[in-house]
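Participant: Data: model.pdb, PDB, C-alpha atoms and all ligand atoms.
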```pdb
ATOM      1  CA  MET A   1     -71.785  87.772 211.850  1.00  0.00           C
ATOM      2  CA  ILE A   2     -68.935  86.024 213.613  1.00  0.00           C
ATOM      3  CA  LEU A   3     -65.742  86.043 211.607  1.00  0.00           C
ATOM      4  CA  GLY A   4     -65.564  82.218 211.617  1.00  0.00           C
ATOM      5  CA  ASP A   5     -68.491  82.066 209.189  1.00  0.00           C
ATOM      6  CA  LEU A   6     -66.314  83.861 206.657  1.00  0.00           C
ATOM      7  CA  ASP A   7     -63.454  81.377 206.902  1.00  0.00           C
ATOM      8  CA  PRO A   8     -64.253  79.443 203.693  1.00  0.00           C
ATOM      9  CA  LEU A   9     -64.522  82.704 201.733  1.00  0.00           C
ATOM     10  CA  LEU A  10     -61.333  84.110 203.268  1.00  0.00           C
ATOM     11  CA  LYS A  11     -59.444  80.909 202.536  1.00  0.00           C
ATOM     12  CA  LEU A  12     -60.513  81.001 198.880  1.00  0.00           C
ATOM     13  CA  LEU A  13     -59.723  84.688 198.473  1.00  0.00           C
ATOM     14  CA  SER A  14     -56.264  84.295 199.988  1.00  0.00           C
ATOM     15  CA  ARG A  15     -55.462  81.694 197.327  1.00  0.00           C
ATOM     16  CA  MET A  16     -55.569  84.441 194.705  1.00  0.00           C
ATOM     17  CA  PRO A  17     -52.161  85.680 193.544  1.00  0.00           C
ATOM     18  CA  GLY A  18     -50.961  88.650 195.558  1.00  0.00           C
ATOM     19  CA  VAL A  19     -53.693  88.336 198.179  1.00  0.00           C
ATOM     20  CA  GLY A  20     -52.579  87.657 201.735  1.00  0.00           C
ATOM     21  CA  PRO A  21     -54.823  87.171 204.795  1.00  0.00           C
ATOM     22  CA  ARG A  22     -55.135  90.906 205.366  1.00  0.00           C
ATOM     23  CA  SER A  23     -56.214  91.757 201.821  1.00  0.00           C
ATOM     24  CA  ALA A  24     -58.522  88.733 201.848  1.00  0.00           C
ATOM     25  CA  ARG A  25     -60.355  90.256 204.828  1.00  0.00           C
ATOM     26  CA  ARG A  26     -60.565  93.625 203.064  1.00  0.00           C
ATOM     27  CA  LEU A  27     -61.904  92.024 199.891  1.00  0.00           C
ATOM     28  CA  ALA A  28     -64.437  89.955 201.833  1.00  0.00           C
ATOM     29  CA  LEU A  29     -65.673  93.026 203.701  1.00  0.00           C
ATOM     30  CA  GLU A  30     -65.968  95.010 200.465  1.00  0.00           C
ATOM     31  CA  LEU A  31     -67.977  92.180 198.926  1.00  0.00           C
ATOM     32  CA  ILE A  32     -70.271  91.797 201.921  1.00  0.00           C
ATOM     33  CA  GLN A  33     -70.924  95.514 202.136  1.00  0.00           C
ATOM     34  CA  ASN A  34     -71.830  95.599 198.445  1.00  0.00           C
ATOM     35  CA  LYS A  35     -73.816  92.408 198.164  1.00  0.00           C
ATOM     36  CA  ASP A  36     -76.083  93.405 195.312  1.00  0.00           C
ATOM     37  CA  SER A  37     -73.830  95.722 193.354  1.00  0.00           C
ATOM     38  CA  LEU A  38     -70.658  93.637 193.616  1.00  0.00           C
ATOM     39  CA  MET A  39     -70.885  90.261 195.334  1.00  0.00           C
ATOM     40  CA  ARG A  40     -73.777  88.723 193.393  1.00  0.00           C
ATOM     41  CA  PRO A  41     -72.662  90.060 189.969  1.00  0.00           C
ATOM     42  CA  LEU A  42     -69.146  88.771 190.686  1.00  0.00           C
ATOM     43  CA  ALA A  43     -70.461  85.332 191.655  1.00  0.00           C
ATOM     44  CA  HIS A  44     -72.536  85.330 188.465  1.00  0.00           C
ATOM     45  CA  ALA A  45     -69.584  86.401 186.285  1.00  0.00           C
ATOM     46  CA  LEU A  46     -67.385  83.736 187.891  1.00  0.00           C
ATOM     47  CA  MET A  47     -69.935  81.001 187.164  1.00  0.00           C
ATOM     48  CA  GLU A  48     -70.426  82.144 183.568  1.00  0.00           C
ATOM     49  CA  THR A  49     -66.673  82.310 182.938  1.00  0.00           C
ATOM     50  CA  ALA A  50     -66.072  78.932 184.585  1.00  0.00           C
ATOM     51  CA  ASP A  51     -68.634  77.382 182.236  1.00  0.00           C
ATOM     52  CA  ALA A  52     -67.379  79.156 179.115  1.00  0.00           C
ATOM     53  CA  VAL A  53     -63.602  78.948 179.381  1.00  0.00           C
ATOM     54  CA  ARG A  54     -61.654  75.956 178.139  1.00  0.00           C
ATOM     55  CA  ALA A  55     -58.061  75.104 177.327  1.00  0.00           C
ATOM     56  CA  CYS A  56     -57.311  75.143 173.600  1.00  0.00           C
ATOM     57  CA  GLU A  57     -56.771  71.542 172.515  1.00  0.00           C
ATOM     58  CA  THR A  58     -54.021  72.671 170.134  1.00  0.00           C
ATOM     59  CA  CYS A  59     -51.906  75.204 172.029  1.00  0.00           C
ATOM     60  CA  GLY A  60     -53.129  75.218 175.640  1.00  0.00           C
ATOM     61  CA  ASN A  61     -54.281  78.853 175.582  1.00  0.00           C
ATOM     62  CA  LEU A  62     -57.458  79.687 177.495  1.00  0.00           C
ATOM     63  CA  ASP A  63     -60.414  80.873 175.466  1.00  0.00           C
ATOM     64  CA  THR A  64     -64.146  80.347 175.158  1.00  0.00           C
ATOM     65  CA  GLN A  65     -63.548  78.283 172.035  1.00  0.00           C
ATOM     66  CA  SER A  66     -61.199  75.427 171.172  1.00  0.00           C
ATOM     67  CA  PRO A  67     -59.140  75.679 168.999  1.00  0.00           C
ATOM     68  CA  CYS A  68     -58.661  79.161 170.428  1.00  0.00           C
ATOM     69  CA  ARG A  69     -58.938  82.371 168.382  1.00  0.00           C
ATOM     70  CA  VAL A  70     -55.152  82.604 167.970  1.00  0.00           C
ATOM     71  CA  CYS A  71     -55.012  79.070 166.539  1.00  0.00           C
ATOM     72  CA  GLN A  72     -57.998  79.778 164.276  1.00  0.00           C
ATOM     73  CA  SER A  73     -56.808  83.137 162.951  1.00  0.00           C
ATOM     74  CA  PRO A  74     -55.808  82.684 159.286  1.00  0.00           C
ATOM     75  CA  SER A  75     -53.540  85.757 159.440  1.00  0.00           C
ATOM     76  CA  ARG A  76     -51.184  83.833 161.724  1.00  0.00           C
ATOM     77  CA  ALA A  77     -50.240  81.249 159.133  1.00  0.00           C
ATOM     78  CA  ASP A  78     -49.335  81.268 155.455  1.00  0.00           C
ATOM     79  CA  GLU A  79     -51.577  79.863 152.720  1.00  0.00           C
ATOM     80  CA  ASN A  80     -50.251  76.360 153.438  1.00  0.00           C
ATOM     81  CA  GLY A  81     -51.239  76.659 157.084  1.00  0.00           C
ATOM     82  CA  GLN A  82     -47.613  76.977 158.110  1.00  0.00           C
ATOM     83  CA  THR A  83     -46.686  79.246 160.978  1.00  0.00           C
ATOM     84  CA  VAL A  84     -43.955  80.160 163.447  1.00  0.00           C
ATOM     85  CA  LEU A  85     -44.491  78.670 166.897  1.00  0.00           C
ATOM     86  CA  CYS A  86     -43.594  80.528 170.079  1.00  0.00           C
ATOM     87  CA  VAL A  87     -43.224  78.256 173.112  1.00  0.00           C
ATOM     88  CA  VAL A  88     -44.176  79.841 176.454  1.00  0.00           C
ATOM     89  CA  GLU A  89     -44.507  78.497 179.971  1.00  0.00           C
ATOM     90  CA  SER A  90     -47.915  79.844 180.855  1.00  0.00           C
ATOM     91  CA  VAL A  91     -51.042  81.445 179.483  1.00  0.00           C
ATOM     92  CA  SER A  92     -50.060  84.686 181.234  1.00  0.00           C
ATOM     93  CA  ASP A  93     -46.824  84.742 179.212  1.00  0.00           C
ATOM     94  CA  LEU A  94     -48.851  84.209 176.032  1.00  0.00           C
ATOM     95  CA  TRP A  95     -51.181  87.066 176.947  1.00  0.00           C
ATOM     96  CA  ALA A  96     -48.194  89.318 177.740  1.00  0.00           C
ATOM     97  CA  LEU A  97     -46.708  88.650 174.287  1.00  0.00           C
ATOM     98  CA  GLU A  98     -50.104  89.262 172.694  1.00  0.00           C
ATOM     99  CA  ARG A  99     -50.435  92.588 174.527  1.00  0.00           C
ATOM    100  CA  SER A 100     -46.981  93.619 173.318  1.00  0.00           C
ATOM    101  CA  GLY A 101     -47.946  92.841 169.723  1.00  0.00           C
ATOM    102  CA  SER A 102     -44.388  91.601 169.164  1.00  0.00           C
ATOM    103  CA  PHE A 103     -45.302  88.200 167.756  1.00  0.00           C
ATOM    104  CA  LYS A 104     -47.643  87.322 164.919  1.00  0.00           C
ATOM    105  CA  GLY A 105     -47.370  83.548 164.786  1.00  0.00           C
ATOM    106  CA  ARG A 106     -48.981  80.901 166.963  1.00  0.00           C
ATOM    107  CA  TYR A 107     -48.165  79.651 170.432  1.00  0.00           C
ATOM    108  CA  HIS A 108     -47.615  76.528 172.425  1.00  0.00           C
ATOM    109  CA  VAL A 109     -48.177  76.705 176.184  1.00  0.00           C
ATOM    110  CA  LEU A 110     -45.961  74.208 178.009  1.00  0.00           C
ATOM    111  CA  GLY A 111     -47.643  74.465 181.397  1.00  0.00           C
ATOM    112  CA  GLY A 112     -44.376  75.052 183.264  1.00  0.00           C
ATOM    113  CA  THR A 113     -40.749  74.050 183.003  1.00  0.00           C
ATOM    114  CA  LEU A 114     -38.880  70.828 183.534  1.00  0.00           C
ATOM    115  CA  SER A 115     -37.826  70.601 187.148  1.00  0.00           C
ATOM    116  CA  ALA A 116     -35.787  67.832 188.716  1.00  0.00           C
ATOM    117  CA  LEU A 117     -36.531  69.272 192.149  1.00  0.00           C
ATOM    118  CA  ASP A 118     -40.311  69.233 191.698  1.00  0.00           C
ATOM    119  CA  GLY A 119     -40.243  65.974 189.746  1.00  0.00           C
ATOM    120  CA  ARG A 120     -41.600  67.583 186.561  1.00  0.00           C
ATOM    121  CA  GLY A 121     -40.536  65.722 183.428  1.00  0.00           C
ATOM    122  CA  PRO A 122     -41.569  66.117 179.776  1.00  0.00           C
ATOM    123  CA  ASP A 123     -44.667  63.966 180.363  1.00  0.00           C
ATOM    124  CA  GLN A 124     -45.991  66.458 182.905  1.00  0.00           C
ATOM    125  CA  LEU A 125     -45.711  69.271 180.335  1.00  0.00           C
ATOM    126  CA  ARG A 126     -47.229  69.719 176.908  1.00  0.00           C
ATOM    127  CA  VAL A 127     -44.040  68.582 175.202  1.00  0.00           C
ATOM    128  CA  GLY A 128     -45.462  65.659 173.219  1.00  0.00           C
ATOM    129  CA  SER A 129     -48.084  67.805 171.519  1.00  0.00           C
ATOM    130  CA  LEU A 130     -45.455  70.446 170.684  1.00  0.00           C
ATOM    131  CA  LEU A 131     -43.234  67.884 168.955  1.00  0.00           C
ATOM    132  CA  GLU A 132     -46.305  66.502 167.221  1.00  0.00           C
ATOM    133  CA  ARG A 133     -47.229  69.924 165.806  1.00  0.00           C
ATOM    134  CA  VAL A 134     -43.727  70.303 164.371  1.00  0.00           C
ATOM    135  CA  ARG A 135     -43.706  66.714 163.103  1.00  0.00           C
ATOM    136  CA  ARG A 136     -47.017  67.375 161.316  1.00  0.00           C
ATOM    137  CA  GLY A 137     -45.338  70.294 159.549  1.00  0.00           C
ATOM    138  CA  GLU A 138     -47.355  73.047 161.221  1.00  0.00           C
ATOM    139  CA  ALA A 139     -44.142  75.011 161.845  1.00  0.00           C
ATOM    140  CA  LYS A 140     -40.555  74.885 160.632  1.00  0.00           C
ATOM    141  CA  GLU A 141     -39.465  77.655 162.960  1.00  0.00           C
ATOM    142  CA  VAL A 142     -39.828  77.598 166.737  1.00  0.00           C
ATOM    143  CA  ILE A 143     -39.026  80.447 169.126  1.00  0.00           C
ATOM    144  CA  LEU A 144     -38.442  79.443 172.741  1.00  0.00           C
ATOM    145  CA  ALA A 145     -39.612  82.162 175.131  1.00  0.00           C
ATOM    146  CA  LEU A 146     -39.018  80.561 178.519  1.00  0.00           C
ATOM    147  CA  SER A 147     -37.899  82.263 181.711  1.00  0.00           C
ATOM    148  CA  ALA A 148     -34.264  83.053 182.378  1.00  0.00           C
ATOM    149  CA  THR A 149     -34.202  80.701 185.363  1.00  0.00           C
ATOM    150  CA  VAL A 150     -32.113  77.552 185.651  1.00  0.00           C
ATOM    151  CA  ASP A 151     -35.199  75.400 185.030  1.00  0.00           C
ATOM    152  CA  GLY A 152     -36.305  77.631 182.150  1.00  0.00           C
ATOM    153  CA  GLN A 153     -32.942  77.397 180.443  1.00  0.00           C
ATOM    154  CA  THR A 154     -32.694  73.624 181.044  1.00  0.00           C
ATOM    155  CA  THR A 155     -36.088  73.265 179.416  1.00  0.00           C
ATOM    156  CA  SER A 156     -34.986  75.464 176.504  1.00  0.00           C
ATOM    157  CA  HIS A 157     -31.923  73.293 175.854  1.00  0.00           C
ATOM    158  CA  TYR A 158     -33.948  70.104 176.089  1.00  0.00           C
ATOM    159  CA  LEU A 159     -36.618  71.381 173.688  1.00  0.00           C
ATOM    160  CA  ALA A 160     -34.084  72.843 171.249  1.00  0.00           C
ATOM    161  CA  GLU A 161     -32.426  69.457 170.956  1.00  0.00           C
ATOM    162  CA  ARG A 162     -35.677  67.561 170.424  1.00  0.00           C
ATOM    163  CA  LEU A 163     -36.995  70.145 167.942  1.00  0.00           C
ATOM    164  CA  ARG A 164     -33.773  70.226 165.914  1.00  0.00           C
ATOM    165  CA  GLU A 165     -33.973  66.437 165.585  1.00  0.00           C
ATOM    166  CA  LEU A 166     -37.237  67.089 163.747  1.00  0.00           C
ATOM    167  CA  GLY A 167     -35.547  69.579 161.438  1.00  0.00           C
ATOM    168  CA  ALA A 168     -36.995  72.715 163.013  1.00  0.00           C
ATOM    169  CA  ASP A 169     -35.178  76.051 163.112  1.00  0.00           C
ATOM    170  CA  VAL A 170     -34.944  76.890 166.801  1.00  0.00           C
ATOM    171  CA  SER A 171     -34.140  80.221 168.404  1.00  0.00           C
ATOM    172  CA  ALA A 172     -34.569  81.619 171.899  1.00  0.00           C
ATOM    173  CA  VAL A 173     -35.633  85.118 172.894  1.00  0.00           C
ATOM    174  CA  ALA A 174     -32.766  87.317 174.005  1.00  0.00           C
ATOM    175  CA  GLN A 175     -32.481  87.770 177.739  1.00  0.00           C
ATOM    176  CA  GLY A 176     -30.855  90.911 178.940  1.00  0.00           C
ATOM    177  CA  VAL A 177     -31.056  94.583 179.676  1.00  0.00           C
ATOM    178  CA  PRO A 178     -34.670  95.760 179.812  1.00  0.00           C
ATOM    179  CA  VAL A 179     -35.622  98.719 177.630  1.00  0.00           C
ATOM    180  CA  GLY A 180     -34.961 101.841 179.659  1.00  0.00           C
ATOM    181  CA  GLY A 181     -33.085  99.779 182.210  1.00  0.00           C
ATOM    182  CA  SER A 182     -29.907 100.924 183.865  1.00  0.00           C
ATOM    183  CA  LEU A 183     -27.082  98.417 184.240  1.00  0.00           C
ATOM    184  CA  GLU A 184     -26.475  99.134 187.906  1.00  0.00           C
ATOM    185  CA  TYR A 185     -29.904  97.816 188.919  1.00  0.00           C
ATOM    186  CA  LEU A 186     -29.607  94.503 187.074  1.00  0.00           C
ATOM    187  CA  ASP A 187     -28.896  91.280 188.905  1.00  0.00           C
ATOM    188  CA  ASP A 188     -25.800  89.286 187.955  1.00  0.00           C
ATOM    189  CA  GLY A 189     -27.709  86.638 185.971  1.00  0.00           C
ATOM    190  CA  THR A 190     -29.390  89.283 183.798  1.00  0.00           C
ATOM    191  CA  LEU A 191     -26.110  91.098 183.216  1.00  0.00           C
ATOM    192  CA  LEU A 192     -24.383  87.879 182.251  1.00  0.00           C
ATOM    193  CA  ALA A 193     -27.192  86.959 179.838  1.00  0.00           C
ATOM    194  CA  ALA A 194     -27.109  90.460 178.369  1.00  0.00           C
ATOM    195  CA  MET A 195     -23.367  90.209 177.857  1.00  0.00           C
ATOM    196  CA  ASN A 196     -23.695  86.803 176.214  1.00  0.00           C
ATOM    197  CA  ALA A 197     -26.471  88.012 173.898  1.00  0.00           C
ATOM    198  CA  ARG A 198     -24.455  91.014 172.691  1.00  0.00           C
ATOM    199  CA  ARG A 199     -24.508  91.917 169.023  1.00  0.00           C
ATOM    200  CA  SER A 200     -22.262  94.043 166.865  1.00  0.00           C
ATOM    201  CA  VAL A 201     -23.195  97.712 166.605  1.00  0.00           C
TER     202      VAL A 201
HETATM  203 ZN    ZN A 301     -54.845  77.628 170.556  1.00  0.00          ZN
END
```
Will you turn the file into structure tokens for me?

Facilitator:
Amino acid sequence: MILGDLDPLLKLLSRMPGVGPRSARRLALELIQNKDSLMRPLAHALMETADAVRACETCGNLDTQSPCRVCQSPSRADENGQTVLCVVESVSDLWALERSGSFKGRYHVLGGTLSALDGRGPDQLRVGSLLERVRRGEAKEVILALSATVDGQTTSHYLAERLRELGADVSAVAQGVPVGGSLEYLDDGTLLAAMNARRSV
């Protein structure tokens, strides 16, 4: 087989996060050499998942059902259906928080941050539906868990203002020294945030 025939496959593979042209070639070769035990089952699994997965109409999480399991779980709200909302940028952030088991409320996935540079305003994010959930009384408390970047913090400030107008209690996750982290390896931004988020001991 001439390598050119593989171009479409290589192009697709190299669009995966963390996969450059070299790893794309390695993956393609692995797949081709294991057509029946790997390539066909993978293609099948991809098709099945593509058909089954949808974005939750309430929070934006990805699941095979909508509303997603997190939104449907009764243990994540009180008897009046009220909950605490945690706002995250992406589904991967939501999954990370779920893995950590550190949050037992419900989520709202923004789909990114506001960005003047990339021309991303509130209408390009799931801001309207977040405000609507709070307006409907689904949550009185909102935790903003956005990245400690300039855009992330701008978005946090913007959302905090809009949410407080609706009477919500708004807090943001602390940014700072990672558990087990040594100060000397932290970048200046992290150190500054850690200093600002200090508490009495
Ligand atoms: Zn959901």

Participant: Please, which residues have at least one atom within 9 Å of an atom of ligand ZN 301 (chain A), using all atoms listed in the file, listed as a ChimeraX atom specification?

Facilitator: /A:55-63,65-72,106-109

Participant: Using all atoms listed in the file, find each residue in segment 11-102 of chain A having at least one atom no more than 10 Å away from segment 170-194 of chain A; report its shortest atom-to-atom pair and that distance in Å (one decimal), rows by chain then rising number, as JSON lines.

Facilitator:
```
{"residue": "A:Leu85", "atom": "CA", "partner": "A:Val170", "partner_atom": "CA", "distance": 9.7}
{"residue": "A:Cys86", "atom": "CA", "partner": "A:Ala172", "partner_atom": "CA", "distance": 9.3}
{"residue": "A:Val87", "atom": "CA", "partner": "A:Ala172", "partner_atom": "CA", "distance": 9.4}
```

Participant: Specify as a PyMOL selection string each residue included when the PyMOL selection byres (((chain A and resi 89-91) around 6) and not hetatm) is applied to this file.

Facilitator: chain A and resi 61+88+92-94+109-112

Participant: Separation of atom CA of Ala52 of chain A and atom CA of Pro122 of chain A, in Å?

Facilitator: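 Taking atom CA of Ala52 of chain A and atom CA of Pro122 of chain A, their separation equals 28.9 Å.
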
Participant: Leaving out Asn80 of chain A and any residue of its chain fewer than 4 positions from it, which residues lie within 12 Å of it when counting all atoms listed in the file, given as a ChimeraX atom specification?

Facilitator: /A:74-76,137-139

Participant: Could you jot down the atom CA of Ala116 of chain A to atom CA of Thr155 of chain A separation for me, Å, one decimal place?

Facilitator: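 It comes out at 10.8 Å.
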
Participant: May I ask which of the residues A:Met39, A:Ile32, A:Asp7, A:Lys104 is the closest one to Ser73 of chain A, counting all atoms listed in the file?

Facilitator: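 Comparing A:Met39, A:Ile32, A:Asp7, A:Lys104 against Ser73 of chain A, the winner is A:Lys104.
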
Participant: Could you tell me how far atom CA of Glu141 of chain A lies from atom CA of Glu79 of chain A, in Å and to one decimal?

Facilitator: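 Taking atom CA of Glu141 of chain A and atom CA of Glu79 of chain A, their separation equals 16.0 Å.
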
Participant: Which of these, A:Ala24, A:Leu163, A:Val53, A:Leu114, has the shortest distance to Thr149 of chain A once you count all atoms listed in the file?

Facilitator: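 Under the stated criterion, the closest residue is A:Leu114.
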
Participant: For Tyr158 of chain A, which residue among A:Thr113, A:Gly4, A:Leu46, A:Gln124 is the nearest when counting all atoms listed in the file?

Facilitator: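 Checking each of A:Thr113, A:Gly4, A:Leu46, A:Gln124 against Tyr158 of chain A, counting all atoms listed in the file, the winner is A:Thr113.
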
Participant: I'd like the contact shell of Ala28 of chain A - 9 Å cut-off, all atoms listed in the file, skipping same-chain residues fewer than 6 positions apart - returned as a ChimeraX atom specification.

Facilitator: /A:6,9-10,13
